[in-house]
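The file protein.txt comes next; it holds compact mmCIF, C-alpha atoms.
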```
# COMPACT_ATOMS: atom_id res chain seq x y z
CA MET A 20 7.02 -23.84 7.77
CA SER A 21 9.86 -23.99 10.24
CA ASN A 22 13.08 -22.08 10.67
CA SER A 23 16.47 -22.59 12.21
CA LYS A 24 15.98 -20.47 15.31
CA THR A 25 16.19 -22.20 18.66
CA ILE A 26 12.94 -23.32 20.22
CA LEU A 27 12.33 -21.61 23.55
CA SER A 28 12.70 -23.50 26.81
CA CYS A 29 9.64 -24.42 28.87
CA GLU A 30 10.53 -21.67 31.35
CA ALA A 31 10.75 -19.05 28.60
CA ILE A 32 7.43 -20.16 27.11
CA GLN A 33 5.77 -19.89 30.52
CA GLU A 34 7.21 -16.41 31.06
CA ALA A 35 6.01 -15.15 27.68
CA ALA A 36 2.55 -16.60 28.36
CA ARG A 37 2.49 -14.96 31.78
CA ILE A 38 3.27 -11.53 30.30
CA LEU A 39 0.69 -11.75 27.52
CA SER A 40 -1.98 -13.25 29.79
CA LEU A 41 -1.54 -10.41 32.27
CA ARG A 42 -1.93 -7.83 29.51
CA ARG A 43 -5.13 -9.57 28.40
CA LEU A 44 -6.49 -9.62 31.93
CA GLN A 45 -5.65 -5.96 32.58
CA ASP A 46 -6.45 -4.80 29.04
CA THR A 47 -3.05 -3.20 28.62
CA GLN A 48 -0.39 -3.08 25.98
CA GLY A 49 3.35 -3.31 26.41
CA PRO A 50 6.65 -3.54 24.55
CA ARG A 51 7.92 -6.53 22.65
CA LEU A 52 8.52 -9.61 24.76
CA PRO A 53 11.97 -9.74 26.37
CA GLU A 54 14.54 -11.36 24.11
CA SER A 55 14.90 -14.20 26.64
CA CYS A 56 11.29 -15.30 25.93
CA ARG A 57 10.66 -13.82 22.50
CA PRO A 58 9.56 -16.53 20.03
CA GLY A 59 11.53 -16.68 16.80
CA ASP A 60 9.99 -19.85 15.42
CA LEU A 61 6.48 -21.17 14.86
CA ALA A 62 6.75 -24.00 17.39
CA SER A 63 7.63 -21.63 20.24
CA ALA A 64 4.89 -19.17 19.27
CA LEU A 65 2.28 -21.94 19.22
CA ALA A 66 3.53 -23.25 22.56
CA ILE A 67 3.06 -19.80 24.11
CA GLN A 68 -0.40 -19.50 22.61
CA GLN A 69 -1.31 -22.94 23.95
CA GLN A 70 0.01 -22.06 27.41
CA ILE A 71 -2.20 -18.96 27.48
CA SER A 72 -5.23 -21.01 26.42
CA SER A 73 -4.53 -23.58 29.15
CA ALA A 74 -4.70 -21.08 32.01
CA PRO A 75 -7.29 -21.68 34.76
CA GLY A 76 -10.69 -20.30 33.82
CA ILE A 77 -9.92 -20.24 30.08
CA SER A 78 -11.75 -22.56 27.69
CA ILE A 79 -11.15 -23.01 23.97
CA ALA A 80 -14.44 -22.02 22.34
CA GLY A 81 -13.17 -22.33 18.80
CA TRP A 82 -10.47 -21.28 16.38
CA LYS A 83 -9.39 -18.50 14.07
CA CYS A 84 -7.66 -19.89 10.99
CA GLY A 85 -6.50 -19.13 7.47
CA LEU A 86 -4.58 -20.87 4.74
CA PRO A 87 -0.83 -21.11 5.44
CA SER A 88 1.97 -19.70 3.35
CA ALA A 89 5.53 -20.98 2.97
CA ASP A 90 6.67 -19.66 6.35
CA ARG A 91 3.50 -18.63 8.15
CA ILE A 92 0.45 -20.30 9.62
CA VAL A 93 -2.79 -18.62 10.68
CA ILE A 94 -4.27 -20.26 13.75
CA ALA A 95 -5.42 -18.95 17.12
CA ALA A 96 -7.62 -20.39 19.82
CA LEU A 97 -10.80 -18.44 20.60
CA HIS A 98 -11.46 -18.13 24.32
CA GLY A 99 -14.87 -18.78 25.80
CA ASN A 100 -14.87 -15.58 27.84
CA THR A 101 -14.58 -13.46 24.68
CA LEU A 102 -17.27 -15.22 22.63
CA TYR A 103 -20.38 -13.05 22.45
CA ARG A 104 -23.70 -14.00 20.89
CA GLN A 105 -26.33 -11.76 19.31
CA SER A 106 -28.91 -14.28 20.55
CA ASP A 107 -27.97 -13.22 24.11
CA SER A 108 -27.83 -9.48 23.47
CA THR A 109 -27.15 -7.01 20.67
CA HIS A 110 -25.17 -5.00 23.22
CA CYS A 111 -21.58 -6.26 23.21
CA ILE A 112 -19.37 -5.12 26.07
CA VAL A 113 -15.77 -4.85 24.90
CA HIS A 114 -12.80 -4.74 27.24
CA THR A 115 -10.64 -2.11 25.59
CA ARG A 116 -9.11 1.28 26.22
CA GLN A 117 -9.19 2.21 22.55
CA GLN A 118 -11.45 4.96 21.25
CA SER A 119 -13.15 2.68 18.72
CA VAL A 120 -13.67 -1.01 18.04
CA ARG A 121 -11.78 -2.76 15.25
CA ILE A 122 -13.74 -5.57 13.64
CA GLU A 123 -13.51 -8.07 10.79
CA PRO A 124 -16.77 -9.16 9.09
CA GLU A 125 -16.67 -12.93 8.70
CA ILE A 126 -18.69 -16.12 8.48
CA ALA A 127 -18.43 -18.46 11.47
CA PHE A 128 -18.94 -22.22 11.28
CA VAL A 129 -20.12 -24.17 14.33
CA VAL A 130 -18.93 -27.75 14.75
CA GLY A 131 -21.83 -30.08 15.51
CA GLN A 132 -19.94 -33.25 16.34
CA ASP A 133 -16.47 -34.12 17.60
CA LEU A 134 -13.72 -34.67 15.05
CA PRO A 135 -11.06 -36.22 17.28
CA SER A 136 -7.51 -36.99 16.29
CA ARG A 137 -7.12 -40.25 14.36
CA ALA A 138 -4.61 -41.98 12.15
CA GLN A 139 -6.21 -41.20 8.79
CA PRO A 140 -7.17 -37.73 7.53
CA TYR A 141 -10.81 -36.67 7.47
CA SER A 142 -12.43 -36.30 4.07
CA MET A 143 -14.02 -33.05 2.96
CA ALA A 144 -17.41 -34.76 3.12
CA GLU A 145 -16.83 -35.80 6.74
CA ILE A 146 -15.83 -32.29 7.73
CA ARG A 147 -18.79 -30.68 5.97
CA GLN A 148 -21.14 -33.16 7.61
CA ALA A 149 -19.71 -32.30 11.04
CA ILE A 150 -20.59 -28.60 10.66
CA SER A 151 -24.00 -28.00 12.20
CA SER A 152 -24.53 -24.31 11.44
CA ALA A 153 -23.07 -21.14 9.96
CA HIS A 154 -23.48 -17.59 11.26
CA LEU A 155 -22.69 -14.03 10.37
CA ALA A 156 -19.91 -12.95 12.70
CA LEU A 157 -17.46 -10.23 13.67
CA GLU A 158 -13.96 -10.89 14.88
CA LEU A 159 -12.88 -8.32 17.47
CA ILE A 160 -9.34 -7.12 16.80
CA ALA A 161 -6.75 -5.97 19.34
CA THR A 162 -3.10 -6.45 20.17
CA ARG A 163 -1.23 -6.71 23.43
CA TYR A 164 1.78 -4.87 21.94
CA GLU A 165 2.22 -1.08 22.02
CA HIS A 166 3.81 -0.84 18.57
CA ALA A 167 2.36 -3.70 16.58
CA ASP A 168 4.16 -2.76 13.37
CA THR A 169 7.55 -3.41 15.01
CA VAL A 170 6.61 -6.90 16.21
CA SER A 171 7.53 -10.07 14.31
CA PHE A 172 4.95 -12.48 12.95
CA THR A 173 5.88 -15.15 15.49
CA GLU A 174 5.29 -12.71 18.34
CA HIS A 175 1.86 -11.89 16.93
CA LEU A 176 1.18 -15.62 16.55
CA ALA A 177 2.01 -16.11 20.24
CA ASP A 178 -0.53 -13.36 20.97
CA SER A 179 -3.30 -15.06 18.93
CA LEU A 180 -2.88 -12.93 15.81
CA PHE A 181 -4.76 -9.87 17.04
CA ASN A 182 -7.80 -11.83 18.21
CA ALA A 183 -9.76 -10.21 21.05
CA GLY A 184 -13.01 -12.12 20.67
CA VAL A 185 -15.85 -13.03 18.34
CA TYR A 186 -19.39 -11.68 18.11
CA LEU A 187 -21.61 -14.47 16.77
CA GLY A 188 -24.59 -13.22 14.80
CA PRO A 189 -27.64 -14.83 13.23
CA ARG A 190 -27.68 -18.24 11.64
CA ILE A 191 -27.52 -18.46 7.85
CA PRO A 192 -28.07 -21.38 5.43
CA LEU A 193 -25.07 -23.70 5.33
CA ASP A 194 -25.03 -24.09 1.56
CA ALA A 195 -24.99 -20.30 1.14
CA ALA A 196 -22.16 -20.01 3.66
CA PHE A 197 -20.07 -22.65 1.90
CA ALA A 198 -20.54 -20.80 -1.41
CA ALA A 199 -19.88 -17.27 -0.10
CA GLN A 200 -16.69 -16.46 -1.97
CA GLU A 201 -17.70 -12.78 -2.33
CA LEU A 202 -19.98 -10.57 -0.23
CA ASP A 203 -21.07 -6.94 -0.29
CA ILE A 204 -20.47 -5.65 3.23
CA GLN A 205 -22.37 -2.57 4.42
CA ILE A 206 -22.22 -1.07 7.90
CA HIS A 207 -24.99 1.38 8.79
CA ALA A 208 -25.20 3.56 11.89
CA GLY A 209 -28.63 5.11 11.71
CA GLN A 210 -28.78 6.93 8.38
CA ASP A 211 -24.99 7.00 8.03
CA ILE A 212 -23.10 4.44 5.97
CA LEU A 213 -19.82 3.70 7.71
CA LEU A 214 -18.63 1.14 5.18
CA HIS A 215 -19.73 -0.19 1.80
CA GLN A 216 -17.29 -2.65 0.29
CA HIS A 217 -17.46 -5.50 -2.17
CA GLY A 218 -15.41 -8.08 -0.36
CA LYS A 219 -13.78 -11.36 -1.29
CA HIS A 220 -12.87 -14.13 1.09
CA PRO A 221 -9.06 -14.13 1.46
CA ALA A 222 -8.89 -17.89 0.80
CA GLY A 223 -11.41 -17.80 -2.03
CA ASP A 224 -13.30 -20.68 -0.44
CA PRO A 225 -14.53 -19.88 3.12
CA LEU A 226 -14.40 -23.57 4.07
CA ALA A 227 -10.83 -24.20 2.86
CA PRO A 228 -9.09 -22.83 5.99
CA LEU A 229 -11.32 -24.98 8.22
CA ILE A 230 -10.32 -28.08 6.29
CA TRP A 231 -6.66 -27.09 6.68
CA LEU A 232 -7.23 -26.46 10.40
CA GLN A 233 -8.69 -29.90 10.99
CA GLU A 234 -5.73 -31.60 9.31
CA PHE A 235 -3.22 -29.37 11.15
CA LEU A 236 -4.79 -30.20 14.52
CA ARG A 237 -4.99 -33.89 13.64
CA GLY A 238 -1.26 -33.88 12.94
CA ARG A 239 -0.68 -32.48 16.43
CA GLY A 240 -2.83 -35.10 18.12
CA GLN A 241 -5.73 -32.69 18.56
CA GLY A 242 -9.15 -32.30 16.99
CA LEU A 243 -12.25 -30.17 16.75
CA ALA A 244 -14.93 -30.45 19.42
CA ALA A 245 -18.69 -30.12 19.15
CA GLY A 246 -19.80 -26.57 19.84
CA GLN A 247 -16.56 -24.92 18.76
CA VAL A 248 -16.82 -21.83 16.54
CA ILE A 249 -14.46 -21.48 13.56
CA ILE A 250 -13.78 -18.23 11.69
CA THR A 251 -11.78 -18.31 8.47
CA GLY A 252 -11.16 -14.77 7.19
CA SER A 253 -12.51 -11.25 6.76
CA TYR A 254 -14.51 -10.05 3.77
CA ALA A 255 -13.75 -6.38 4.41
CA GLY A 256 -10.40 -5.89 6.09
CA SER A 257 -10.42 -4.49 9.64
CA PRO A 258 -12.57 -1.34 9.82
CA ASP A 259 -12.98 0.70 13.00
CA VAL A 260 -16.51 1.33 14.29
CA PRO A 261 -17.71 3.56 17.15
CA PHE A 262 -18.87 2.74 20.65
CA ASN A 263 -22.41 3.34 21.90
CA THR A 264 -23.85 3.37 18.38
CA PRO A 265 -26.47 0.82 17.26
CA MET A 266 -25.28 -0.61 13.96
CA ASN A 267 -26.83 -2.75 11.28
CA MET A 268 -24.39 -4.73 9.16
CA ALA A 269 -25.46 -6.28 5.86
CA PHE A 270 -23.62 -9.33 4.51
CA GLY A 271 -24.80 -9.29 0.91
CA THR A 272 -27.96 -11.37 0.55
CA LEU A 273 -27.07 -13.60 3.52
CA GLY A 274 -28.67 -11.34 6.09
CA HIS A 275 -28.06 -8.64 8.67
CA LEU A 276 -26.24 -8.48 11.98
CA GLN A 277 -27.13 -5.96 14.69
CA VAL A 278 -24.71 -4.83 17.37
CA CYS A 279 -23.98 -1.93 19.70
CA PHE A 280 -20.51 -1.99 21.24
CA GLU A 281 -20.10 -0.68 24.75
CA ARG A 282 -16.94 -0.16 26.75
CA GLN A 283 -16.50 -2.12 30.00
```

Since I need it in another form, could you write the structure as structure tokens?
Amino acid sequence: MSNSKTILSCEAIQEAARILSLRRLQDTQGPRLPESCRPGDLASALAIQQQISSAPGISIAGWKCGLPSADRIVIAALHGNTLYRQSDSTHCIVHTRQQSVRIEPEIAFVVGQDLPSRAQPYSMAEIRQAISSAHLALELIATRYEHADTVSFTEHLADSLFNAGVYLGPRIPLDAAFAAQELDIQIHAGQDILLHQHGKHPAGDPLAPLIWLQEFLRGRGQGLAAGQVIITGSYAGSPDVPFNTPMNMAFGTLGHLQVCFERQ
């Protein structure tokens, strides 16, 4: 999962992080990063992502992850200021200039106890035991690039792979969450059905990416912390939904999530 391109210097990593952080703060999009600080390898992209997550006032509230392929990894830190909870309000204020909200229906796992870095890998049983709850969730999708289809994977990785936040819904039984390989996703807005799709988890097993994540972080001298929220893949792609419209989203037999997105 590495390539031969030169890893960026510390100065270039800081400059790329500065550009992307400013776009996040101002809710703007821009062109590709300048070639002088454009990541062409996974290590540089992750370093930029980490620099953004280390900025003053930013906390790592969890992780987005997926199973890796031969030359790609799916990992992005979730920031505390973009983690929204249905238990606080079903009205979710989104910082965006887009005309609609792009979402991904997912299951989120909440870590109940620290899994710090250590010499030996954690077993599947240890990881499952460390998960305290599971929730219906929506990942909020956005990019800080004007023309996302012209941007390389490593540039998207530096920008947290389209993550703009997570809306954490109601709690669901852990055993049902672990077993949720397929789910019927329905999105209702009043009497209108915006989406009805039989979805499959992209990894097959919704817990598999979390197990990969823990081992990946352990290999980097990191770990998972109690309270962190982990999302592992969408059951229904990335549909667009409207603003200012109360919606009820059904996740098969697991339950319902209510939300009304509002623009800042």

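Compared by their closest atoms to Cys279 (chain A), and using all atoms listed in the file, the residues A:Ser171, A:Gln233, A:Ser108, A:Thr47 rank with A:Ser108 nearest.
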
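With only C-alpha atoms as the atoms that count, the residue of A:Ala74, A:Leu229, A:Cys29, A:Ala156 with the shortest distance to Ser55 (chain A) is A:Cys29.
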
Exercise. Find, counting only C-alpha atoms, the residue in A:Leu155, A:Ile126, A:Ile26, A:Ala222 that gets nearest to Met268 (chain A).
Key: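 Result for the nearest residue to Met268 (chain A): A:Leu155.
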
Quiz item: Leaving out region 210-218 of chain A and any residue of its chain fewer than 6 positions from it, which residues lie within 12 Å of it when counting only C-alpha atoms, given as an NGL selection string?
Solution: :A and (122-125 or 199-204 or 252-261 or 264-271)

Quiz item: Could you pull the residues within 7 Å of region 93-101 of chain A, counting all atoms listed in the file, minus those fewer than 2 positions along the same chain, as a PyMOL selection string?
Solution: chain A and resi 77-87+91+103+179-180+183-185

Practice problem: Kindly extract all protein, DNA and RNA residues lying within 10 Å of the coordinates (-5.8, -2.9, 23.0) given in the file, considering only C-alpha atoms, and supply them as a ChimeraX atom specification. | Solution: /A:42-43,46-49,114-118,120-121,160-165,181,183

Self-check item: Interatomic distance (Å, one decimal) between CA of Arg190 (chain A) and CA of Ser152 (chain A)
Solution: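 Going from CA of Arg190 (chain A) over to CA of Ser152 (chain A) covers 6.8 Å.
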
Quiz item: At what distance in Å, to one decimal, does CA of Ala245 (chain A) lie from CA of Ala138 (chain A)?
Solution: 19.7 Å

Quiz item: Can you tell me, as number ranges by chain, what residues are no more than 12 Å from Ile38 (chain A) when counting all atoms listed in the file, ignoring any on the same chain fewer than 2 positions away?
Solution: A: 31-36, 40-53, 56-57, 67-68, 70-71, 163-164, 177-178

Quiz item: What gap, in Å, lies between CA of Ile146 (chain A) and CA of Ile92 (chain A)?
Solution: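 So the two atoms, CA of Ile146 (chain A) and CA of Ile92 (chain A), lie 20.3 Å apart.
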
Coordinates of box centre and edge lengths for region 260-271 of chain A, 3 Å on every side, axis-aligned, as AutoDock Vina command-line options:
```
--center_x -21.7 --center_y -2.9 --center_z 11.4 --size_x 16.3 --size_y 18.9 --size_z 27.0
```
